[in-house]
$ cat coords.pdb   # PDB, C-alpha atoms
ATOM      1  CA  MET A   1      -4.633 -16.286   1.695
ATOM      2  CA  THR A   2      -8.155 -15.247   2.701
ATOM      3  CA  THR A   3      -8.385 -12.485   5.269
ATOM      4  CA  GLY A   4     -11.029 -12.113   7.957
ATOM      5  CA  ASN A   5     -12.839  -9.442   5.955
ATOM      6  CA  GLY A   6     -13.316 -11.458   2.748
ATOM      7  CA  ILE A   7     -10.282 -10.108   0.906
ATOM      8  CA  LYS A   8      -8.170 -12.691  -0.877
ATOM      9  CA  LEU A   9      -4.467 -11.893  -1.044
ATOM     10  CA  TYR A  10      -2.009 -13.385  -3.508
ATOM     11  CA  ILE A  11       1.684 -12.681  -2.889
ATOM     12  CA  ASN A  12       4.842 -13.461  -4.848
ATOM     13  CA  ASP A  13       7.912 -12.760  -2.721
ATOM     14  CA  ARG A  14      10.329 -14.562  -5.026
ATOM     15  CA  LEU A  15      10.471 -12.065  -7.874
ATOM     16  CA  GLN A  16      14.101 -12.944  -8.552
ATOM     17  CA  ASP A  17      12.954 -16.425  -9.642
ATOM     18  CA  LEU A  18      10.441 -15.129 -12.205
ATOM     19  CA  ASP A  19      11.463 -15.834 -15.806
ATOM     20  CA  LEU A  20      10.746 -12.420 -17.304
ATOM     21  CA  ASP A  21      10.493 -13.538 -20.939
ATOM     22  CA  GLU A  22       8.071 -16.337 -20.038
ATOM     23  CA  ALA A  23       6.062 -13.979 -17.809
ATOM     24  CA  LEU A  24       5.813 -11.278 -20.489
ATOM     25  CA  ALA A  25       4.483 -13.884 -22.937
ATOM     26  CA  ARG A  26       1.641 -14.686 -20.483
ATOM     27  CA  LEU A  27       0.459 -11.071 -20.123
ATOM     28  CA  SER A  28      -2.259  -9.285 -22.036
ATOM     29  CA  GLU A  29      -0.906  -6.911 -24.664
ATOM     30  CA  GLN A  30      -2.088  -3.997 -22.504
ATOM     31  CA  ARG A  31      -0.185  -5.197 -19.439
ATOM     32  CA  ARG A  32       2.891  -6.208 -21.436
ATOM     33  CA  GLU A  33       3.137  -2.651 -22.799
ATOM     34  CA  GLN A  34       2.818  -1.312 -19.257
ATOM     35  CA  ALA A  35       5.501  -3.665 -17.942
ATOM     36  CA  LEU A  36       7.901  -2.783 -20.743
ATOM     37  CA  ARG A  37       7.626   0.920 -19.872
ATOM     38  CA  PHE A  38       9.619   0.232 -16.715
ATOM     39  CA  ARG A  39      13.213   1.269 -17.237
ATOM     40  CA  PHE A  40      14.777  -1.532 -15.214
ATOM     41  CA  GLU A  41      14.215  -5.267 -15.373
ATOM     42  CA  GLN A  42      13.191  -5.417 -11.700
ATOM     43  CA  GLY A  43      10.252  -3.083 -12.347
ATOM     44  CA  ARG A  44       9.207  -5.108 -15.381
ATOM     45  CA  ARG A  45       9.434  -8.304 -13.356
ATOM     46  CA  ALA A  46       7.335  -6.861 -10.495
ATOM     47  CA  CYS A  47       4.686  -5.438 -12.842
ATOM     48  CA  ALA A  48       4.360  -8.787 -14.622
ATOM     49  CA  ALA A  49       4.239 -10.709 -11.338
ATOM     50  CA  ALA A  50       1.410  -8.561  -9.952
ATOM     51  CA  TYR A  51      -0.694  -9.144 -13.074
ATOM     52  CA  LEU A  52      -0.020 -12.876 -13.003
ATOM     53  CA  LEU A  53      -1.197 -12.944  -9.379
ATOM     54  CA  LEU A  54      -4.438 -11.295 -10.505
ATOM     55  CA  CYS A  55      -4.821 -13.939 -13.236
ATOM     56  CA  GLU A  56      -4.262 -16.675 -10.646
ATOM     57  CA  GLY A  57      -6.851 -15.151  -8.312
ATOM     58  CA  LEU A  58      -9.433 -14.707 -11.063
ATOM     59  CA  ARG A  59      -8.973 -18.355 -12.107
ATOM     60  CA  HIS A  60      -9.125 -19.630  -8.536
ATOM     61  CA  ASP A  61     -11.908 -17.414  -7.170
ATOM     62  CA  TYR A  62     -14.102 -16.794 -10.227
ATOM     63  CA  GLY A  63     -13.204 -19.472 -12.771
ATOM     64  CA  LEU A  64     -12.107 -16.788 -15.260
ATOM     65  CA  THR A  65      -9.404 -17.896 -17.651
ATOM     66  CA  GLU A  66      -9.276 -15.025 -20.149
ATOM     67  CA  LEU A  67      -6.563 -12.429 -19.646
ATOM     68  CA  PRO A  68      -8.079  -9.424 -17.888
ATOM     69  CA  ARG A  69      -8.059  -6.082 -19.680
ATOM     70  CA  PHE A  70      -8.411  -2.886 -17.717
ATOM     71  CA  GLU A  71     -10.251   0.365 -18.083
ATOM     72  CA  TYR A  72      -9.431   3.189 -15.722
ATOM     73  CA  GLY A  73     -11.506   5.461 -13.524
ATOM     74  CA  GLU A  74     -11.167   9.226 -13.375
ATOM     75  CA  HIS A  75      -8.196   9.030 -10.991
ATOM     76  CA  GLY A  76      -6.571   5.979 -12.588
ATOM     77  CA  LYS A  77      -8.039   3.108 -10.565
ATOM     78  CA  PRO A  78      -8.289   0.048 -12.823
ATOM     79  CA  VAL A  79     -11.454  -1.999 -13.346
ATOM     80  CA  ILE A  80     -11.607  -5.303 -15.208
ATOM     81  CA  VAL A  81     -13.462  -4.820 -18.499
ATOM     82  CA  GLY A  82     -16.699  -6.796 -18.365
ATOM     83  CA  HIS A  83     -16.396  -7.568 -14.642
ATOM     84  CA  PRO A  84     -17.122  -4.380 -12.671
ATOM     85  CA  ASP A  85     -18.317  -6.540  -9.750
ATOM     86  CA  ILE A  86     -14.810  -7.939  -9.174
ATOM     87  CA  HIS A  87     -12.714  -5.496  -7.161
ATOM     88  CA  PHE A  88      -8.949  -5.822  -7.107
ATOM     89  CA  ASN A  89      -5.817  -3.875  -6.385
ATOM     90  CA  LEU A  90      -2.182  -4.529  -7.283
ATOM     91  CA  SER A  91       1.070  -3.351  -5.780
ATOM     92  CA  HIS A  92       4.730  -4.254  -6.005
ATOM     93  CA  CYS A  93       8.061  -3.313  -4.541
ATOM     94  CA  HIS A  94      11.615  -4.520  -5.076
ATOM     95  CA  GLU A  95      11.127  -7.791  -3.172
ATOM     96  CA  ALA A  96       7.513  -8.729  -3.794
ATOM     97  CA  ALA A  97       4.232  -8.274  -5.644
ATOM     98  CA  ILE A  98       0.745  -8.493  -4.165
ATOM     99  CA  CYS A  99      -2.807  -8.701  -5.468
ATOM    100  CA  ALA A 100      -5.962  -8.207  -3.398
ATOM    101  CA  ILE A 101      -9.331  -9.411  -4.739
ATOM    102  CA  SER A 102     -12.753  -8.860  -3.180
ATOM    103  CA  ASP A 103     -16.422  -8.393  -3.978
ATOM    104  CA  GLN A 104     -16.119  -4.932  -2.360
ATOM    105  CA  PRO A 105     -13.711  -2.060  -3.107
ATOM    106  CA  VAL A 106     -10.240  -2.998  -1.892
ATOM    107  CA  GLY A 107      -6.860  -1.324  -1.540
ATOM    108  CA  VAL A 108      -3.426  -2.859  -1.030
ATOM    109  CA  ASP A 109       0.116  -1.558  -0.879
ATOM    110  CA  ILE A 110       3.456  -3.278  -0.445
ATOM    111  CA  GLU A 111       6.739  -1.508   0.217
ATOM    112  CA  SER A 112      10.335  -2.474   0.874
ATOM    113  CA  ILE A 113      11.715  -1.289   4.197
ATOM    114  CA  ARG A 114      14.363   1.305   3.347
ATOM    115  CA  PRO A 115      16.296   3.925   5.284
ATOM    116  CA  LEU A 116      14.130   6.709   6.618
ATOM    117  CA  LYS A 117      13.999  10.079   4.834
ATOM    118  CA  GLU A 118      13.116  12.850   7.277
ATOM    119  CA  SER A 119      11.713  15.106   4.545
ATOM    120  CA  LEU A 120       9.263  12.389   3.451
ATOM    121  CA  VAL A 121       8.241  11.728   7.052
ATOM    122  CA  ASN A 122       7.502  15.421   7.618
ATOM    123  CA  TYR A 123       5.598  15.727   4.339
ATOM    124  CA  THR A 124       3.363  12.668   4.784
ATOM    125  CA  MET A 125       2.863  12.195   8.529
ATOM    126  CA  ASN A 126       1.016  14.166  11.182
ATOM    127  CA  ASP A 127       2.617  15.130  14.500
ATOM    128  CA  ASP A 128       1.409  11.998  16.313
ATOM    129  CA  GLU A 129       2.706   9.745  13.531
ATOM    130  CA  VAL A 130       6.057  11.569  13.431
ATOM    131  CA  ASN A 131       6.370  11.044  17.183
ATOM    132  CA  GLN A 132       5.414   7.380  16.814
ATOM    133  CA  ILE A 133       8.105   6.949  14.120
ATOM    134  CA  LEU A 134      10.863   8.808  15.958
ATOM    135  CA  THR A 135      10.284   7.000  19.258
ATOM    136  CA  SER A 136      10.026   3.578  17.646
ATOM    137  CA  GLU A 137      12.685   0.896  18.070
ATOM    138  CA  ASN A 138      12.651   0.614  14.271
ATOM    139  CA  PRO A 139      11.719   4.001  12.753
ATOM    140  CA  ALA A 140      12.042   2.775   9.142
ATOM    141  CA  LEU A 141       9.642  -0.105   9.787
ATOM    142  CA  THR A 142       7.161   2.137  11.592
ATOM    143  CA  PHE A 143       7.226   4.691   8.764
ATOM    144  CA  THR A 144       6.801   1.989   6.122
ATOM    145  CA  SER A 145       3.874   0.490   8.037
ATOM    146  CA  LEU A 146       2.111   3.848   8.264
ATOM    147  CA  TRP A 147       2.883   4.648   4.626
ATOM    148  CA  THR A 148       1.462   1.339   3.342
ATOM    149  CA  MET A 149      -1.683   1.952   5.397
ATOM    150  CA  LYS A 150      -2.135   5.365   3.791
ATOM    151  CA  GLU A 151      -1.532   3.966   0.305
ATOM    152  CA  ALA A 152      -4.038   1.140   0.862
ATOM    153  CA  VAL A 153      -6.686   3.660   1.975
ATOM    154  CA  VAL A 154      -6.034   5.905  -1.024
ATOM    155  CA  LYS A 155      -6.006   3.009  -3.473
ATOM    156  CA  ARG A 156      -9.248   1.604  -2.069
ATOM    157  CA  SER A 157     -11.008   4.941  -2.537
ATOM    158  CA  GLY A 158      -9.742   5.292  -6.104
ATOM    159  CA  LEU A 159      -9.355   9.038  -5.594
ATOM    160  CA  GLY A 160      -5.571   9.175  -5.920
ATOM    161  CA  LEU A 161      -3.153  10.861  -3.557
ATOM    162  CA  THR A 162      -4.723  13.748  -1.728
ATOM    163  CA  ASN A 163      -3.200  16.861  -0.283
ATOM    164  CA  ASP A 164      -4.221  15.672   3.169
ATOM    165  CA  LEU A 165      -1.892  12.696   3.554
ATOM    166  CA  LYS A 166      -1.123  13.718   7.113
ATOM    167  CA  HIS A 167      -4.669  13.084   8.312
ATOM    168  CA  LEU A 168      -5.596  10.154   6.098
ATOM    169  CA  LEU A 169      -5.609   7.704   9.026
ATOM    170  CA  CYS A 170      -7.535   9.970  11.424
ATOM    171  CA  PRO A 171      -9.503   8.006  12.419
ATOM    172  CA  ARG A 172      -7.958   4.753  11.242
ATOM    173  CA  PRO A 173     -10.421   2.897   8.986
ATOM    174  CA  GLN A 174     -11.903  -0.278  10.420
ATOM    175  CA  GLY A 175     -10.499  -3.372   8.716
ATOM    176  CA  LEU A 176      -7.158  -1.797   7.813
ATOM    177  CA  THR A 177      -4.496  -4.451   8.402
ATOM    178  CA  THR A 178      -0.704  -4.294   8.211
ATOM    179  CA  VAL A 179       1.679  -7.258   7.990
ATOM    180  CA  VAL A 180       5.484  -7.355   8.156
ATOM    181  CA  SER A 181       7.087 -10.115   6.079
ATOM    182  CA  ALA A 182       8.615 -12.973   8.006
ATOM    183  CA  ASP A 183      12.076 -11.913   6.847
ATOM    184  CA  GLY A 184      11.418  -8.247   7.683
ATOM    185  CA  HIS A 185      12.209  -7.006   4.166
ATOM    186  CA  TYR A 186       8.793  -5.608   3.242
ATOM    187  CA  VAL A 187       5.464  -4.515   4.711
ATOM    188  CA  TYR A 188       1.999  -4.729   3.193
ATOM    189  CA  SER A 189      -1.316  -3.222   4.227
ATOM    190  CA  TYR A 190      -4.797  -3.909   2.917
ATOM    191  CA  LEU A 191      -8.285  -2.563   3.436
TER     192      LEU A 191
END

$ encode --input "coords.pdb" --output "structure tokens"
Amino acid sequence: MTTGNGIKLYINDRLQDLDLDEALARLSEQRREQALRFRFEQGRRACAAAYLLLCEGLRHDYGLTELPRFEYGEHGKPVIVGHPDIHFNLSHCHEAAICAISDQPVGVDIESIRPLKESLVNYTMNDDEVNQILTSENPALTFTSLWTMKEAVVKRSGLGLTNDLKHLLCPRPQGLTTVVSADGHYVYSYL
């Protein structure tokens, strides 16, 4: 899917159908090692799926067929070796994996909607956001939406999580978009 701001999104929301052995065989050695570090099969599956989405996007958008290898910036943001002009970001949750590709820096996050944890709300949200969450018809969805926005902003910058999570969206960056899955199981945001 191409967004209005030139970001291409690739989503796999059928992780349960991914043949893990076949997927692992299609990964670069670097990514396979990363996927195998996940303790549970679901994490391995999601990590592999996100990388395969990147491969699909690179083939489709840039005609690149070699498996991408990454180098990492100071705060851990990956860059494709030999292609610093291609910006991408990966994320995954229990239900889905997502890849965003652009010719400009990009950030994306995807999260499953889970029960709300008050301590996490208070740690990550400012007073206005806490009020928005607590007065919402669906507090868990509202929290997840705000959290994915913050993650997308942080991942786009490449600076890692900051101590100022509460004010990360003040003001809200232009172009930041949030989408709830059709089945209401996950939320993703991109910038």

$ resolve_selection --input "coords.pdb" --expression "the PyMOL selection byres ((chain A and resi 32) around 12)" --output "JSON, numbers by chain"
{"A": [20, 21, 22, 23, 24, 25, 26, 27, 28, 29, 30, 31, 33, 34, 35, 36, 37, 38, 44, 45, 46, 47, 48, 49, 50, 51, 52, 67, 68, 69]}

$ closest_residue --input "coords.pdb" --among "A:Ser119, A:Pro173, A:Glu137, A:Lys77" --to "Leu161 (chain A)" --atoms "only C-alpha atoms"
A:Lys77

$ axis_aligned_box --input "coords.pdb" --around "region 24-35 of chain A" --padding-each-side "8 Å" --output "JSON"
{"center_x": 1.8, "center_y": -8.0, "center_z": -21.3, "size_x": 24.1, "size_y": 29.4, "size_z": 22.7}

$ closest_residue --input "coords.pdb" --among "A:Arg172, A:His185, A:His87, A:His75" --to "Ala100 (chain A)" --atoms "only C-alpha atoms"
A:His87

$ closest_residue --input "coords.pdb" --among "A:Leu58, A:Ile7, A:Ile101, A:Ala96" --to "Ser181 (chain A)" --atoms "all atoms listed in the file"
A:Ala96

$ resolve_selection --input "coords.pdb" --expression "the PyMOL selection byres ((chain A and resi 85) around 12)" --output "PDB file with C-alpha atoms, in the coordinates of the input"
ATOM      1  CA  TYR A  62     -14.102 -16.794 -10.227  1.00  0.00           C
ATOM      2  CA  VAL A  79     -11.454  -1.999 -13.346  1.00  0.00           C
ATOM      3  CA  ILE A  80     -11.607  -5.303 -15.208  1.00  0.00           C
ATOM      4  CA  VAL A  81     -13.462  -4.820 -18.499  1.00  0.00           C
ATOM      5  CA  GLY A  82     -16.699  -6.796 -18.365  1.00  0.00           C
ATOM      6  CA  HIS A  83     -16.396  -7.568 -14.642  1.00  0.00           C
ATOM      7  CA  PRO A  84     -17.122  -4.380 -12.671  1.00  0.00           C
ATOM      8  CA  ILE A  86     -14.810  -7.939  -9.174  1.00  0.00           C
ATOM      9  CA  HIS A  87     -12.714  -5.496  -7.161  1.00  0.00           C
ATOM     10  CA  PHE A  88      -8.949  -5.822  -7.107  1.00  0.00           C
ATOM     11  CA  ILE A 101      -9.331  -9.411  -4.739  1.00  0.00           C
ATOM     12  CA  SER A 102     -12.753  -8.860  -3.180  1.00  0.00           C
ATOM     13  CA  ASP A 103     -16.422  -8.393  -3.978  1.00  0.00           C
ATOM     14  CA  GLN A 104     -16.119  -4.932  -2.360  1.00  0.00           C
ATOM     15  CA  PRO A 105     -13.711  -2.060  -3.107  1.00  0.00           C
ATOM     16  CA  VAL A 106     -10.240  -2.998  -1.892  1.00  0.00           C
TER      17      VAL A 106
END

$ resolve_selection --input "coords.pdb" --expression "the PyMOL selection byres ((chain A and resi 176) around 9)" --output "list in words"
Met149, Ala152, Val153, Arg172, Pro173, Gln174, Gly175, Thr177, Thr178, Ser189, Tyr190 and Leu191 of chain A

$ atom_distance --input "coords.pdb" --atom1 "CA of Gln132 (chain A)" --atom2 "CA of His94 (chain A)"
25.7 Å

$ atom_distance --input "coords.pdb" --atom1 "CA of Asp127 (chain A)" --atom2 "CA of Cys170 (chain A)"
11.8 Å

$ closest_residue --input "coords.pdb" --among "A:Leu90, A:Ile11, A:Ile98, A:Leu165" --to "Asn122 (chain A)" --atoms "all atoms listed in the file"
A:Leu165

$ build_atoms --input "coords.pdb" --residues "region 17-28 of chain A" --atoms "all heavy atoms" --output "short mmCIF file (atom, residue, chain, number, x, y, z; two decimals), in the frame of the given file"
data_model
loop_
_atom_site.label_atom_id
_atom_site.label_comp_id
_atom_site.auth_asym_id
_atom_site.auth_seq_id
_atom_site.Cartn_x
_atom_site.Cartn_y
_atom_site.Cartn_z
N ASP A 17 13.08 -15.13 -8.98
CA ASP A 17 12.95 -16.42 -9.64
C ASP A 17 12.04 -16.38 -10.87
O ASP A 17 11.93 -17.37 -11.59
CB ASP A 17 12.41 -17.47 -8.67
CG ASP A 17 13.35 -17.74 -7.51
OD1 ASP A 17 14.56 -17.44 -7.64
OD2 ASP A 17 12.88 -18.24 -6.47
N LEU A 18 11.39 -15.25 -11.09
CA LEU A 18 10.44 -15.13 -12.20
C LEU A 18 11.20 -15.02 -13.53
O LEU A 18 12.07 -14.17 -13.69
CB LEU A 18 9.57 -13.89 -12.01
CG LEU A 18 8.48 -13.66 -13.05
CD1 LEU A 18 7.34 -14.66 -12.81
CD2 LEU A 18 7.95 -12.24 -12.95
N ASP A 19 10.89 -15.90 -14.46
CA ASP A 19 11.46 -15.83 -15.81
C ASP A 19 10.73 -14.72 -16.55
O ASP A 19 9.57 -14.86 -16.92
CB ASP A 19 11.28 -17.18 -16.51
CG ASP A 19 11.85 -17.20 -17.91
OD1 ASP A 19 11.73 -16.19 -18.65
OD2 ASP A 19 12.41 -18.24 -18.28
N LEU A 20 11.40 -13.60 -16.75
CA LEU A 20 10.75 -12.42 -17.30
C LEU A 20 10.21 -12.67 -18.72
O LEU A 20 9.07 -12.28 -19.02
CB LEU A 20 11.69 -11.22 -17.29
CG LEU A 20 11.09 -9.91 -17.79
CD1 LEU A 20 9.86 -9.53 -16.99
CD2 LEU A 20 12.13 -8.81 -17.74
N ASP A 21 10.97 -13.29 -19.58
CA ASP A 21 10.49 -13.54 -20.94
C ASP A 21 9.23 -14.40 -20.94
O ASP A 21 8.27 -14.11 -21.65
CB ASP A 21 11.59 -14.19 -21.79
CG ASP A 21 12.73 -13.24 -22.08
OD1 ASP A 21 12.50 -12.02 -22.14
OD2 ASP A 21 13.87 -13.72 -22.24
N GLU A 22 9.24 -15.45 -20.14
CA GLU A 22 8.07 -16.34 -20.04
C GLU A 22 6.88 -15.57 -19.45
O GLU A 22 5.76 -15.72 -19.92
CB GLU A 22 8.44 -17.56 -19.18
CG GLU A 22 7.40 -18.65 -19.17
CD GLU A 22 6.37 -18.49 -18.05
OE1 GLU A 22 6.72 -17.93 -17.01
OE2 GLU A 22 5.22 -18.92 -18.26
N ALA A 23 7.13 -14.75 -18.44
CA ALA A 23 6.06 -13.98 -17.81
C ALA A 23 5.47 -12.97 -18.79
O ALA A 23 4.24 -12.85 -18.89
CB ALA A 23 6.58 -13.27 -16.56
N LEU A 24 6.31 -12.26 -19.51
CA LEU A 24 5.81 -11.28 -20.49
C LEU A 24 4.94 -11.94 -21.55
O LEU A 24 3.94 -11.35 -22.00
CB LEU A 24 6.98 -10.54 -21.14
CG LEU A 24 7.72 -9.54 -20.25
CD1 LEU A 24 8.99 -9.05 -20.95
CD2 LEU A 24 6.83 -8.38 -19.85
N ALA A 25 5.27 -13.16 -21.94
CA ALA A 25 4.48 -13.88 -22.94
C ALA A 25 3.10 -14.25 -22.41
O ALA A 25 2.17 -14.47 -23.20
CB ALA A 25 5.23 -15.15 -23.38
N ARG A 26 2.92 -14.30 -21.10
CA ARG A 26 1.64 -14.69 -20.48
C ARG A 26 0.76 -13.49 -20.18
O ARG A 26 -0.37 -13.67 -19.70
CB ARG A 26 1.91 -15.47 -19.20
CG ARG A 26 2.57 -16.83 -19.48
CD ARG A 26 2.98 -17.57 -18.23
NE ARG A 26 1.93 -17.63 -17.23
CZ ARG A 26 2.17 -17.74 -15.92
NH1 ARG A 26 3.42 -17.81 -15.48
NH2 ARG A 26 1.18 -17.79 -15.07
N LEU A 27 1.22 -12.28 -20.44
CA LEU A 27 0.46 -11.07 -20.12
C LEU A 27 -0.44 -10.67 -21.29
O LEU A 27 -0.15 -10.99 -22.44
CB LEU A 27 1.40 -9.91 -19.82
CG LEU A 27 2.45 -10.10 -18.73
CD1 LEU A 27 3.23 -8.80 -18.54
CD2 LEU A 27 1.83 -10.54 -17.42
N SER A 28 -1.48 -9.90 -20.97
CA SER A 28 -2.26 -9.28 -22.04
C SER A 28 -1.37 -8.26 -22.72
O SER A 28 -0.37 -7.79 -22.15
CB SER A 28 -3.50 -8.59 -21.45
OG SER A 28 -3.11 -7.45 -20.70
#
